[in-house]
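Dumped entry_33.csv below, it's CSV, C-alpha atoms and all ligand atoms:
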```csv
chain,number,residue,atom,x,y,z
A,175,MET,CA,-67.6,-18.2,64.2
A,176,ILE,CA,-69.2,-15.8,66.7
A,177,PRO,CA,-67.2,-15.5,69.9
A,178,THR,CA,-68.9,-16.5,73.2
A,179,PRO,CA,-69.7,-13.3,75.1
A,180,ASP,CA,-67.2,-11.9,77.6
A,181,LEU,CA,-68.2,-12.9,81.1
A,182,ALA,CA,-65.0,-11.9,82.8
A,183,HIS,CA,-66.9,-9.5,85.1
A,184,LEU,CA,-68.8,-12.3,86.7
A,185,THR,CA,-67.3,-14.0,89.8
A,186,LYS,CA,-67.6,-17.1,91.8
A,187,GLN,CA,-69.9,-15.2,94.2
A,188,ASP,CA,-72.2,-14.4,91.3
A,189,TYR,CA,-72.3,-18.1,90.3
A,190,ASP,CA,-73.2,-19.1,93.8
A,191,VAL,CA,-76.6,-17.6,93.2
A,192,VAL,CA,-76.9,-17.3,89.4
A,193,TYR,CA,-76.7,-20.2,86.8
A,194,GLU,CA,-73.2,-20.4,85.4
A,195,PRO,CA,-73.2,-21.0,81.6
A,196,ALA,CA,-72.8,-24.7,80.9
A,197,GLU,CA,-73.4,-27.2,78.0
A,198,ASP,CA,-77.1,-26.4,77.8
A,199,THR,CA,-76.2,-22.7,77.4
A,200,PHE,CA,-73.7,-23.5,74.7
A,201,ILE,CA,-75.9,-25.7,72.6
A,202,LEU,CA,-78.4,-22.9,72.6
A,203,LEU,CA,-75.7,-20.5,71.4
A,204,ASP,CA,-74.8,-22.9,68.6
A,205,ALA,CA,-78.4,-23.2,67.5
A,206,LEU,CA,-78.8,-19.4,67.3
A,207,GLU,CA,-75.6,-19.1,65.4
A,208,ALA,CA,-76.7,-21.7,62.9
A,209,ASP,CA,-79.9,-19.7,62.3
A,210,ALA,CA,-78.1,-16.4,62.1
A,211,GLU,CA,-79.2,-15.6,58.6
A,212,VAL,CA,-82.8,-16.4,59.2
A,213,LEU,CA,-82.8,-14.2,62.3
A,214,ARG,CA,-81.1,-11.3,60.6
A,215,ALA,CA,-83.8,-11.2,58.0
A,216,ILE,CA,-86.4,-10.1,60.6
A,217,LYS,CA,-86.9,-6.4,60.5
A,218,THR,CA,-86.4,-4.5,63.9
A,219,PRO,CA,-87.0,-7.7,65.9
A,220,ILE,CA,-88.2,-7.8,69.4
A,221,CYS,CA,-86.3,-10.5,71.3
A,222,LEU,CA,-87.3,-11.8,74.7
A,223,GLU,CA,-85.2,-14.2,76.6
A,224,ILE,CA,-86.9,-15.9,79.6
A,225,GLY,CA,-84.6,-16.9,82.4
A,226,SER,CA,-81.6,-15.0,81.1
A,227,GLY,CA,-79.4,-15.9,84.1
A,228,SER,CA,-75.9,-14.6,83.5
A,229,GLY,CA,-77.1,-12.8,80.3
A,230,CYS,CA,-74.8,-14.9,78.1
A,231,VAL,CA,-77.4,-16.0,75.6
A,232,SER,CA,-79.0,-12.6,75.1
A,233,ALA,CA,-75.6,-10.9,74.7
A,234,PHE,CA,-74.7,-13.5,72.1
A,235,LEU,CA,-78.0,-12.8,70.3
A,236,GLY,CA,-77.1,-9.1,70.5
A,237,VAL,CA,-73.9,-9.8,68.6
A,238,ILE,CA,-75.8,-11.8,65.9
A,239,LEU,CA,-78.5,-9.2,65.4
A,240,GLY,CA,-76.7,-5.9,66.3
A,241,ALA,CA,-78.2,-2.6,67.5
A,242,ASP,CA,-81.4,-2.6,65.4
A,243,ALA,CA,-83.2,-5.0,67.7
A,244,VAL,CA,-84.7,-4.9,71.2
A,245,TYR,CA,-83.4,-7.3,73.8
A,246,LEU,CA,-85.8,-7.9,76.7
A,247,CYS,CA,-84.9,-10.4,79.4
A,248,THR,CA,-86.8,-11.7,82.4
A,249,ASP,CA,-85.7,-13.8,85.3
A,250,ILE,CA,-87.3,-14.6,88.7
A,251,ASN,CA,-83.9,-14.3,90.3
A,252,PRO,CA,-83.0,-10.6,91.1
A,253,HIS,CA,-79.3,-11.3,91.0
A,254,ALA,CA,-79.6,-12.9,87.6
A,255,ALA,CA,-81.3,-9.7,86.3
A,256,LEU,CA,-78.3,-7.7,87.6
A,257,CYS,CA,-75.8,-10.1,86.0
A,258,THR,CA,-77.7,-9.8,82.8
A,259,LEU,CA,-77.5,-6.0,82.9
A,260,ARG,CA,-73.7,-6.1,83.6
A,261,THR,CA,-73.1,-8.7,80.8
A,262,GLY,CA,-74.9,-6.4,78.4
A,263,ALA,CA,-72.7,-3.5,79.4
A,264,GLN,CA,-69.6,-5.7,79.2
A,265,ASN,CA,-70.4,-6.8,75.7
A,266,LYS,CA,-71.9,-3.5,74.5
A,267,VAL,CA,-75.3,-4.9,73.9
A,268,ALA,CA,-78.3,-3.0,75.3
A,269,LEU,CA,-80.0,-5.7,77.3
A,270,SER,CA,-83.2,-4.8,79.2
A,271,PRO,CA,-83.6,-7.1,82.1
A,272,VAL,CA,-86.7,-7.2,84.2
A,273,ILE,CA,-87.4,-9.3,87.3
A,274,ALA,CA,-90.4,-11.2,86.3
A,275,SER,CA,-91.8,-14.7,85.7
A,276,LEU,CA,-92.0,-15.9,82.1
A,277,ALA,CA,-93.3,-13.1,79.8
A,278,SER,CA,-95.9,-11.8,82.3
A,279,PRO,CA,-95.5,-8.0,82.3
A,280,PHE,CA,-94.9,-7.9,78.5
A,281,ALA,CA,-97.7,-10.2,77.5
A,282,GLN,CA,-100.3,-7.5,77.0
A,283,ARG,CA,-98.2,-5.0,75.0
A,284,LEU,CA,-96.4,-7.6,73.0
A,285,ARG,CA,-99.4,-9.8,72.1
A,286,ARG,CA,-98.2,-11.7,69.1
A,287,LYS,CA,-95.3,-9.4,68.6
A,288,ILE,CA,-92.4,-11.4,69.9
A,289,ASP,CA,-90.1,-12.2,67.0
A,290,VAL,CA,-87.4,-14.2,68.8
A,291,LEU,CA,-88.3,-15.9,72.0
A,292,VAL,CA,-85.6,-17.9,73.9
A,293,PHE,CA,-85.8,-20.1,77.0
A,294,ASN,CA,-83.3,-22.4,78.5
A,295,PRO,CA,-85.7,-23.4,81.3
A,296,PRO,CA,-85.3,-25.2,84.6
A,297,TYR,CA,-85.7,-28.7,83.0
A,298,VAL,CA,-84.6,-31.2,85.6
A,299,PRO,CA,-87.4,-33.5,86.9
A,300,THR,CA,-88.1,-32.9,90.6
A,301,SER,CA,-91.0,-33.2,93.0
A,302,ALA,CA,-93.9,-30.8,92.8
A,303,ASP,CA,-92.9,-29.1,96.1
A,304,GLU,CA,-89.4,-28.6,95.0
A,305,VAL,CA,-90.3,-26.7,91.8
A,306,LEU,CA,-92.8,-24.5,93.7
A,307,ASP,CA,-90.4,-23.7,96.5
A,308,ALA,CA,-87.7,-22.8,93.9
A,309,GLN,CA,-90.0,-20.6,92.0
A,310,ASP,CA,-91.0,-18.7,95.1
A,311,ALA,CA,-87.4,-18.3,96.3
A,312,GLY,CA,-86.0,-17.0,93.1
A,313,GLY,CA,-82.5,-18.4,93.9
A,314,ILE,CA,-80.2,-20.9,92.3
A,315,ALA,CA,-82.6,-23.9,92.6
A,316,GLY,CA,-84.9,-22.1,90.2
A,317,ALA,CA,-82.3,-22.6,87.5
A,318,TRP,CA,-82.9,-26.3,87.4
A,319,ALA,CA,-85.9,-27.5,89.4
A,320,GLY,CA,-88.5,-28.4,86.8
A,321,GLY,CA,-91.1,-30.5,88.6
A,322,LYS,CA,-93.0,-33.3,86.8
A,323,ASP,CA,-91.1,-34.4,83.7
A,324,GLY,CA,-89.0,-31.2,84.2
A,325,MET,CA,-91.8,-29.5,82.4
A,326,ARG,CA,-93.8,-27.7,85.2
A,327,VAL,CA,-92.4,-24.2,84.3
A,328,THR,CA,-92.0,-24.7,80.5
A,329,ASN,CA,-95.6,-26.0,80.2
A,330,VAL,CA,-97.0,-22.7,81.5
A,331,LEU,CA,-95.2,-20.9,78.8
A,332,LEU,CA,-96.2,-23.3,76.1
A,333,GLY,CA,-99.8,-22.7,77.0
A,334,MET,CA,-99.5,-19.0,76.3
A,335,LEU,CA,-97.3,-19.3,73.1
A,336,ASP,CA,-100.1,-18.4,70.7
A,337,ASP,CA,-100.6,-15.1,72.5
A,338,LEU,CA,-96.9,-14.2,72.4
A,339,LEU,CA,-95.3,-15.2,69.2
A,340,ALA,CA,-95.4,-12.9,66.2
A,341,PRO,CA,-96.8,-14.4,62.9
A,342,GLU,CA,-93.2,-15.2,61.7
A,343,GLY,CA,-91.8,-15.5,65.3
A,344,ARG,CA,-89.4,-18.2,66.3
A,345,PHE,CA,-89.1,-19.8,69.8
A,346,TYR,CA,-85.9,-21.5,70.7
A,347,LEU,CA,-86.3,-23.9,73.7
A,348,VAL,CA,-83.7,-26.2,75.4
A,349,ALA,CA,-85.1,-29.6,76.3
A,350,LEU,CA,-83.9,-32.9,77.6
A,351,LYS,CA,-85.0,-36.3,76.4
A,352,GLN,CA,-86.8,-36.8,79.8
A,353,ASN,CA,-89.0,-33.8,79.0
A,354,ASP,CA,-90.8,-36.0,76.4
A,355,ILE,CA,-90.1,-34.1,73.2
A,356,PRO,CA,-92.7,-36.1,71.1
A,357,GLY,CA,-95.3,-35.1,73.7
A,358,ILE,CA,-94.2,-31.4,73.5
A,359,THR,CA,-94.4,-31.5,69.8
A,360,ARG,CA,-97.9,-33.1,69.8
A,361,ARG,CA,-99.3,-30.6,72.3
A,362,LEU,CA,-97.9,-27.6,70.5
A,363,ARG,CA,-99.5,-28.9,67.2
A,364,GLU,CA,-102.9,-29.6,68.7
A,365,GLU,CA,-103.3,-26.9,71.3
A,366,GLN,CA,-101.3,-24.0,69.8
A,367,ARG,CA,-101.1,-24.8,66.1
A,368,MET,CA,-97.3,-24.6,66.3
A,369,ASP,CA,-94.7,-26.6,64.6
A,370,CYS,CA,-91.8,-27.9,66.6
A,371,LYS,CA,-88.5,-29.1,65.1
A,372,ILE,CA,-85.3,-30.4,66.8
A,373,VAL,CA,-82.6,-28.2,65.4
A,374,LEU,CA,-79.7,-29.5,67.4
A,375,GLN,CA,-79.0,-32.3,69.8
A,376,ARG,CA,-76.0,-33.7,71.7
A,377,ARG,CA,-75.0,-35.6,74.7
A,378,ALA,CA,-73.3,-33.8,77.6
A,379,GLY,CA,-72.5,-36.1,80.5
A,380,ARG,CA,-75.8,-37.7,81.6
A,381,GLU,CA,-77.9,-35.2,79.7
A,382,HIS,CA,-79.2,-35.7,76.2
A,383,LEU,CA,-79.7,-32.0,75.3
A,384,HIS,CA,-81.9,-30.7,72.5
A,385,VAL,CA,-82.7,-27.3,71.1
A,386,LEU,CA,-86.3,-27.1,69.7
A,387,CYS,CA,-87.3,-24.4,67.3
A,388,ILE,CA,-91.0,-23.6,67.4
A,389,THR,CA,-92.9,-21.6,64.8
A,390,ARG,CA,-96.5,-21.2,63.7
A,391,LEU,CA,-97.9,-23.8,61.4
B,152,MET,CA,-81.5,0.2,82.6
B,153,VAL,CA,-85.2,1.0,82.4
B,154,ARG,CA,-85.4,3.1,79.3
B,155,LEU,CA,-88.7,4.5,78.1
B,156,LEU,CA,-88.6,1.9,75.4
B,157,THR,CA,-88.9,-0.8,78.1
B,158,HIS,CA,-91.5,1.2,80.0
B,159,ASN,CA,-93.6,1.4,76.9
B,160,LEU,CA,-93.8,-2.4,76.8
B,161,LEU,CA,-94.7,-3.1,80.4
B,162,ALA,CA,-98.3,-3.3,81.8
B,163,CYS,CA,-99.7,-4.1,85.2
B,164,HIS,CA,-100.4,-7.9,85.2
B,165,ALA,CA,-101.9,-8.2,88.7
B,166,ARG,CA,-104.7,-10.6,88.7
B,167,ASN,CA,-108.1,-9.1,87.7
B,168,CYS,CA,-106.3,-5.9,86.7
B,169,THR,CA,-107.0,-5.9,82.9
B,170,SER,CA,-108.2,-2.4,82.1
B,171,ASN,CA,-106.6,1.0,82.8
B,172,ASN,CA,-103.4,-0.9,83.6
B,173,PHE,CA,-101.1,0.9,81.1
B,174,PRO,CA,-99.0,3.0,81.0
B,175,LEU,CA,-97.5,2.6,84.4
B,176,GLU,CA,-97.1,6.0,86.1
B,177,LEU,CA,-93.5,6.9,87.0
B,178,ARG,CA,-93.0,8.1,90.6
B,179,ASP,CA,-90.1,9.4,92.5
B,180,VAL,CA,-87.7,8.5,89.8
B,181,SER,CA,-84.0,9.4,89.4
B,182,VAL,CA,-82.7,9.3,85.9
B,183,ALA,CA,-79.3,9.1,84.3
B,184,LEU,CA,-78.5,10.1,80.7
B,185,ARG,CA,-76.3,7.8,78.7
B,186,GLU,CA,-75.4,8.3,75.0
B,187,ALA,CA,-76.6,5.6,72.7
B,188,ASP,CA,-75.6,4.9,69.1
B,189,TYR,CA,-78.1,6.5,66.7
B,190,SER,CA,-79.8,4.3,64.2
B,191,GLU,CA,-82.4,5.8,61.9
B,192,ASP,CA,-83.5,2.4,60.6
B,193,PHE,CA,-84.2,1.2,64.1
B,194,LEU,CA,-86.3,4.2,65.0
B,195,ARG,CA,-88.3,4.2,61.8
B,196,GLY,CA,-88.8,0.4,62.3
B,197,PHE,CA,-89.8,0.7,65.9
B,198,ILE,CA,-92.3,3.7,65.7
B,199,PRO,CA,-95.2,1.4,64.7
B,200,ARG,CA,-94.6,-0.8,67.7
B,201,LEU,CA,-94.9,2.1,70.2
B,202,GLU,CA,-97.9,3.3,72.1
B,203,TRP,CA,-97.3,6.9,71.3
B,204,PRO,CA,-99.5,8.7,73.8
B,205,ALA,CA,-98.0,6.5,76.6
B,206,LEU,CA,-94.5,7.5,75.5
B,207,VAL,CA,-95.3,11.2,75.4
B,208,GLN,CA,-96.9,11.0,78.8
B,209,ALA,CA,-93.9,9.2,80.4
B,210,ALA,CA,-91.5,11.6,78.7
B,211,LYS,CA,-93.3,14.5,80.3
B,212,GLN,CA,-93.2,12.9,83.7
B,213,LEU,CA,-89.4,12.9,83.3
B,214,GLY,CA,-89.4,16.5,82.1
B,215,GLU,CA,-88.8,15.8,78.5
B,216,ASP,CA,-91.2,17.6,76.3
B,217,SER,CA,-89.6,17.4,72.8
B,218,LEU,CA,-92.0,14.9,71.4
B,219,PRO,CA,-95.1,15.9,69.4
B,220,GLU,CA,-98.5,14.8,70.6
B,221,GLU,CA,-99.3,13.2,67.3
B,222,PRO,CA,-97.3,10.0,66.5
B,223,LEU,CA,-94.4,10.4,64.1
B,224,ASP,CA,-94.9,8.9,60.7
B,225,PRO,CA,-92.0,6.4,60.1
B,226,ALA,CA,-91.9,7.3,56.4
B,227,THR,CA,-91.8,11.1,56.7
B,228,ALA,CA,-90.3,11.8,60.1
B,229,THR,CA,-87.5,14.3,59.9
B,230,GLU,CA,-84.0,13.8,61.2
B,231,GLU,CA,-84.6,16.3,64.0
B,232,GLN,CA,-87.8,14.5,65.1
B,233,LEU,CA,-86.0,11.1,65.0
B,234,LYS,CA,-83.1,12.5,67.1
B,235,ALA,CA,-85.6,13.7,69.7
B,236,LEU,CA,-87.2,10.3,69.7
B,237,HIS,CA,-83.8,8.6,70.0
B,238,HIS,CA,-83.0,10.6,73.0
B,239,VAL,CA,-86.3,10.0,74.8
B,240,LEU,CA,-86.6,6.4,74.0
B,241,LEU,CA,-83.0,5.2,74.4
B,242,GLU,CA,-80.8,7.6,76.3
B,243,VAL,CA,-82.9,8.4,79.4
B,244,HIS,CA,-82.4,5.7,81.9
B,245,ILE,CA,-84.5,5.4,85.0
B,246,GLU,CA,-82.2,4.2,87.8
B,247,GLU,CA,-84.4,4.3,90.9
B,248,GLY,CA,-88.1,4.9,91.6
B,249,SER,CA,-91.3,3.1,91.0
B,250,MET,CA,-94.0,2.4,88.4
B,251,VAL,CA,-97.5,2.5,89.7
B,252,CYS,CA,-100.6,1.0,88.0
B,253,PRO,CA,-103.1,3.7,87.2
B,254,GLY,CA,-105.9,1.2,87.8
B,255,CYS,CA,-105.2,-0.9,90.8
B,256,GLN,CA,-102.3,1.2,92.3
B,257,HIS,CA,-100.0,-1.7,92.5
B,258,VAL,CA,-96.4,-0.4,92.9
B,259,TYR,CA,-93.5,-2.0,90.9
B,260,PRO,CA,-90.2,-0.8,92.3
B,261,ILE,CA,-87.2,0.0,90.2
B,262,SER,CA,-83.8,-0.3,91.8
B,263,ASN,CA,-80.3,-0.4,90.2
B,264,GLY,CA,-82.0,0.2,86.9
B,265,ILE,CA,-84.0,-3.0,87.1
B,266,PRO,CA,-87.8,-3.1,87.5
B,267,ASN,CA,-89.2,-5.7,89.8
B,268,MET,CA,-92.4,-6.9,88.2
B,269,LEU,CA,-92.9,-10.0,90.3
B,270,LEU,CA,-96.3,-10.5,92.0
B,271,ALA,CA,-96.8,-12.4,95.2
B,272,GLU,CA,-99.3,-14.5,93.3
B,273,HIS,CA,-97.7,-15.9,90.1
B,274,GLU,CA,-98.6,-18.4,87.4
B,275,LEU,CA,-97.1,-21.3,89.2
B,276,ALA,CA,-98.9,-20.5,92.5
B,277,ARG,CA,-100.0,-23.5,94.5
B,278,SER,CA,-103.6,-24.3,93.8
C,1,LIG,C1,-81.0,-23.3,83.2
C,1,LIG,S1,-80.9,-21.6,83.7
C,1,LIG,C2,-80.4,-20.8,82.2
C,1,LIG,C3,-79.7,-19.5,82.4
C,1,LIG,C4,-79.2,-18.8,81.1
C,1,LIG,N1,-80.2,-18.5,80.2
C,1,LIG,C5,-78.2,-19.8,80.4
C,1,LIG,O1,-78.6,-20.4,79.4
C,1,LIG,O2,-77.1,-20.0,80.9
C,1,LIG,C6,-82.6,-21.2,83.9
C,1,LIG,C7,-82.9,-19.7,84.3
C,1,LIG,O3,-84.4,-19.5,84.3
C,1,LIG,C8,-84.7,-18.8,85.4
C,1,LIG,N2,-86.1,-19.0,85.7
C,1,LIG,C9,-86.7,-20.1,86.4
C,1,LIG,N3,-88.0,-20.0,86.4
C,1,LIG,C10,-88.4,-18.9,85.8
C,1,LIG,C11,-89.6,-18.2,85.5
C,1,LIG,N4,-90.8,-18.7,85.9
C,1,LIG,N5,-89.6,-17.0,84.8
C,1,LIG,C12,-88.4,-16.5,84.4
C,1,LIG,N6,-87.2,-17.1,84.7
C,1,LIG,C13,-87.2,-18.3,85.3
C,1,LIG,C14,-83.7,-19.2,86.5
C,1,LIG,O4,-83.6,-18.2,87.5
C,1,LIG,C15,-82.4,-19.3,85.7
C,1,LIG,O5,-81.8,-18.1,85.6
```
Kindly transcribe the structure held in the file into structure tokens.
Amino acid sequence: MIPTPDLAHLTKQDYDVVYEPAEDTFILLDALEADAEVLRAIKTPICLEIGSGSGCVSAFLGVILGADAVYLCTDINPHAALCTLRTGAQNKVALSPVIASLASPFAQRLRRKIDVLVFNPPYVPTSADEVLDAQDAGGIAGAWAGGKDGMRVTNVLLGMLDDLLAPEGRFYLVALKQNDIPGITRRLREEQRMDCKIVLQRRAGREHLHVLCITRL
Amino acid sequence: MVRLLTHNLLACHARNCTSNNFPLELRDVSVALREADYSEDFLRGFIPRLEWPALVQAAKQLGEDSLPEEPLDPATATEEQLKALHHVLLEVHIEEGSMVCPGCQHVYPISNGIPNMLLAEHELARS
């Protein structure tokens, strides 16, 4: 078993503004660990985690894949980027956080070159205004406010997936039942020619959490 | 921790700025040197993913001129060449300063070793 990254350096004050790892984080770690062998087979992988928050997931990926990989992270929350940097240092993984939305500043250079893409998105259904305000503010509400079906932010990324993912690339996405997983699967197949599989699911309190693994057809 | 590796992967993404938007020019930067574990496999594997002239140019802006103008060949690069690449790519950290788009002049600040690439107008902007 791969140990959960050391987050002892993060404090209550950090978690007032940055998402504290919770069940959705842990199911994602479990899904990555289950795929460790497949992931290790990729040569010199470029990994990008969108919305890295505390940095817990990327640090864990760093333990799975080791030093011969690149770990890029984005978050719209500046304090999350700082926590990600510190979590990398604490766990001796060279994480490269950038304050940015989705994959924007990397999209041109990494066109179809991202080998491992990871996103635990803001997936809670909210009003349209709530998600837009949260995206503008770059604070803690951005960690969960997801707009219509909780898919407002994720849908933008899904629409660009064909431009981002390497030929053998893998995209791990956390989703809730309310996010309409059959709908996501259909759209990905029809619009992006991607396959979408549920690799893990479990109930945590009121949430029915899933990890989807998306690859090219 | 903006290493030149990260810099080599970032482009200006301001709306309508689609040409002459890479590499971002480094301005008023302060750098720190931090030792990193050397991995020959990583370097040989990563060379094909680099935009070599952009790396050489950025390195020069930081006063590092140990890289050849011609891209290294992953198969034949010598240990000495790989060590120089290792240093430039992974051990030079830009802590403060800014990255400026050569085309539209948009300024992306770097502070505490983290670049801020956010634009006022983003993908989820209200329509
Ligand atoms: C549910 S939290 C997950 C945090 C961390 N990855 C984890 O699993 O614990 C969602 C994260 O996405 C970030 N985020 C929201 N919208 C984003 C966007 N458009 N681009 C990048 N990050 C975003 C939030 O700031 C937050 O850190």
task = Go through A:Pro271, A:Pro195, A:Pro356, A:Gly320 and flag the residue nearest chain B, using all atoms listed in the file for the distances.
result =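 Residue with the minimum atom-to-atom distance to chain B: A:Pro271.
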request  = For chain A, report every residue with an atom at most 9 Å from chain B (counting all atoms listed in the file), formatted as a PyMOL selection string.
outcome  = chain A and resi 217-219+241-244+246+250+252+255-256+259+268-276+278-284+287+306+309-310+326-327+330
message = To one decimal place in Å, what is the distance between atom CA of Gly227 of chain A and atom CA of Val192 of chain A?
response = 6.0 Å
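Ranking A:Lys266, A:Arg361, A:His253, A:Arg390 by their shortest atom-to-atom distance to ligand LIG 1 (chain C), with only C-alpha atoms and all ligand atoms included, puts A:His253 first.
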request  = May I have the residues within 12 Å of Val243 of chain B as number ranges by chain, using all atoms listed in the file and disregarding those fewer than 3 positions away in the same chain?
outcome  = B: 152-158, 180-187, 209-210, 213-215, 235-240, 246, 264
Expected selection as a ChimeraX atom specification for ligand LIG 1 (chain C) within 7 Å, only C-alpha atoms and all ligand atoms = /A:192-196,198-199,224-231,248-251,254,274-276,293-296,309,312-314,316-318,327
task = One decimal, Å: what's the distance from atom CA of Ala277 of chain A over to atom CA of Gln375 of chain A, could you say?
result =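 Spanning atom CA of Ala277 of chain A to atom CA of Gln375 of chain A is a straight-line distance of 25.9 Å.
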request  = Kindly give the distance, in Å, that separates atom CA of Asp337 of chain A and atom CA of Val373 of chain A, rounded to a single decimal.
outcome  =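 Rounded to one decimal, the two atoms are 23.4 Å apart.
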All residues 9 Å or closer to Gln208 of chain B, all atoms listed in the file, same chain fewer than 4 positions away omitted, as a list in words =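 Close residues of Gln208 of chain B: Pro174, Glu176, Trp203, Pro204, Gln212 and Leu213 of chain B.
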For Tyr245 of chain A, the nearest of the candidates A:Ala311, A:Pro177, A:Arg260, A:Asp289, counting all atoms listed in the file =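 Checking each candidate against Tyr245 of chain A, we get A:Asp289 as the closest.
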Please return segment 199-205 of chain B, rebuilt to all heavy atoms, as a PDB file, in the coordinates of the input.
```pdb
ATOM      1  N   PRO B 199     -93.893   2.075  64.682  1.00  0.00           N
ATOM      2  CA  PRO B 199     -95.200   1.400  64.700  1.00  0.00           C
ATOM      3  C   PRO B 199     -95.464   0.522  65.871  1.00  0.00           C
ATOM      4  O   PRO B 199     -96.608   0.173  66.161  1.00  0.00           O
ATOM      5  CB  PRO B 199     -95.174   0.569  63.386  1.00  0.00           C
ATOM      6  CG  PRO B 199     -94.034   1.083  62.584  1.00  0.00           C
ATOM      7  CD  PRO B 199     -93.073   1.705  63.520  1.00  0.00           C
ATOM      8  N   ARG B 200     -94.417   0.140  66.575  1.00  0.00           N
ATOM      9  CA  ARG B 200     -94.600  -0.800  67.700  1.00  0.00           C
ATOM     10  C   ARG B 200     -94.821   0.009  69.015  1.00  0.00           C
ATOM     11  O   ARG B 200     -95.064  -0.581  70.061  1.00  0.00           O
ATOM     12  CB  ARG B 200     -93.357  -1.640  67.872  1.00  0.00           C
ATOM     13  CG  ARG B 200     -93.111  -2.562  66.665  1.00  0.00           C
ATOM     14  CD  ARG B 200     -91.843  -3.325  66.906  1.00  0.00           C
ATOM     15  NE  ARG B 200     -91.484  -4.291  65.898  1.00  0.00           N
ATOM     16  CZ  ARG B 200     -91.783  -5.577  65.965  1.00  0.00           C
ATOM     17  NH1 ARG B 200     -92.507  -6.035  66.951  1.00  0.00           N
ATOM     18  NH2 ARG B 200     -91.359  -6.414  65.036  1.00  0.00           N
ATOM     19  N   LEU B 201     -94.726   1.326  68.955  1.00  0.00           N
ATOM     20  CA  LEU B 201     -94.900   2.100  70.200  1.00  0.00           C
ATOM     21  C   LEU B 201     -96.331   2.492  70.430  1.00  0.00           C
ATOM     22  O   LEU B 201     -97.109   2.676  69.502  1.00  0.00           O
ATOM     23  CB  LEU B 201     -94.092   3.428  70.029  1.00  0.00           C
ATOM     24  CG  LEU B 201     -92.567   3.318  70.141  1.00  0.00           C
ATOM     25  CD1 LEU B 201     -91.923   4.605  69.649  1.00  0.00           C
ATOM     26  CD2 LEU B 201     -92.157   3.022  71.575  1.00  0.00           C
ATOM     27  N   GLU B 202     -96.678   2.614  71.714  1.00  0.00           N
ATOM     28  CA  GLU B 202     -97.900   3.300  72.100  1.00  0.00           C
ATOM     29  C   GLU B 202     -97.556   4.718  72.291  1.00  0.00           C
ATOM     30  O   GLU B 202     -96.992   5.108  73.323  1.00  0.00           O
ATOM     31  CB  GLU B 202     -98.452   2.670  73.414  1.00  0.00           C
ATOM     32  CG  GLU B 202     -99.136   1.337  73.266  1.00  0.00           C
ATOM     33  CD  GLU B 202    -100.498   1.441  72.590  1.00  0.00           C
ATOM     34  OE1 GLU B 202    -101.091   2.550  72.602  1.00  0.00           O
ATOM     35  OE2 GLU B 202    -100.952   0.432  72.042  1.00  0.00           O
ATOM     36  N   TRP B 203     -97.819   5.533  71.275  1.00  0.00           N
ATOM     37  CA  TRP B 203     -97.300   6.900  71.300  1.00  0.00           C
ATOM     38  C   TRP B 203     -97.745   7.760  72.432  1.00  0.00           C
ATOM     39  O   TRP B 203     -96.905   8.373  73.112  1.00  0.00           O
ATOM     40  CB  TRP B 203     -97.597   7.555  69.908  1.00  0.00           C
ATOM     41  CG  TRP B 203     -96.844   8.813  69.749  1.00  0.00           C
ATOM     42  CD1 TRP B 203     -97.278  10.076  70.025  1.00  0.00           C
ATOM     43  CD2 TRP B 203     -95.476   8.938  69.329  1.00  0.00           C
ATOM     44  NE1 TRP B 203     -96.274  10.989  69.796  1.00  0.00           N
ATOM     45  CE2 TRP B 203     -95.163  10.306  69.360  1.00  0.00           C
ATOM     46  CE3 TRP B 203     -94.497   8.018  68.920  1.00  0.00           C
ATOM     47  CZ2 TRP B 203     -93.912  10.793  69.014  1.00  0.00           C
ATOM     48  CZ3 TRP B 203     -93.260   8.499  68.569  1.00  0.00           C
ATOM     49  CH2 TRP B 203     -92.970   9.870  68.614  1.00  0.00           C
ATOM     50  N   PRO B 204     -99.058   7.838  72.711  1.00  0.00           N
ATOM     51  CA  PRO B 204     -99.500   8.700  73.800  1.00  0.00           C
ATOM     52  C   PRO B 204     -98.824   8.307  75.151  1.00  0.00           C
ATOM     53  O   PRO B 204     -98.481   9.169  75.959  1.00  0.00           O
ATOM     54  CB  PRO B 204    -101.001   8.508  73.887  1.00  0.00           C
ATOM     55  CG  PRO B 204    -101.375   7.979  72.532  1.00  0.00           C
ATOM     56  CD  PRO B 204    -100.193   7.200  72.045  1.00  0.00           C
ATOM     57  N   ALA B 205     -98.625   7.014  75.362  1.00  0.00           N
ATOM     58  CA  ALA B 205     -98.000   6.500  76.600  1.00  0.00           C
ATOM     59  C   ALA B 205     -96.542   7.032  76.663  1.00  0.00           C
ATOM     60  O   ALA B 205     -96.042   7.415  77.732  1.00  0.00           O
ATOM     61  CB  ALA B 205     -98.017   5.016  76.665  1.00  0.00           C
TER      62      ALA B 205
END
```
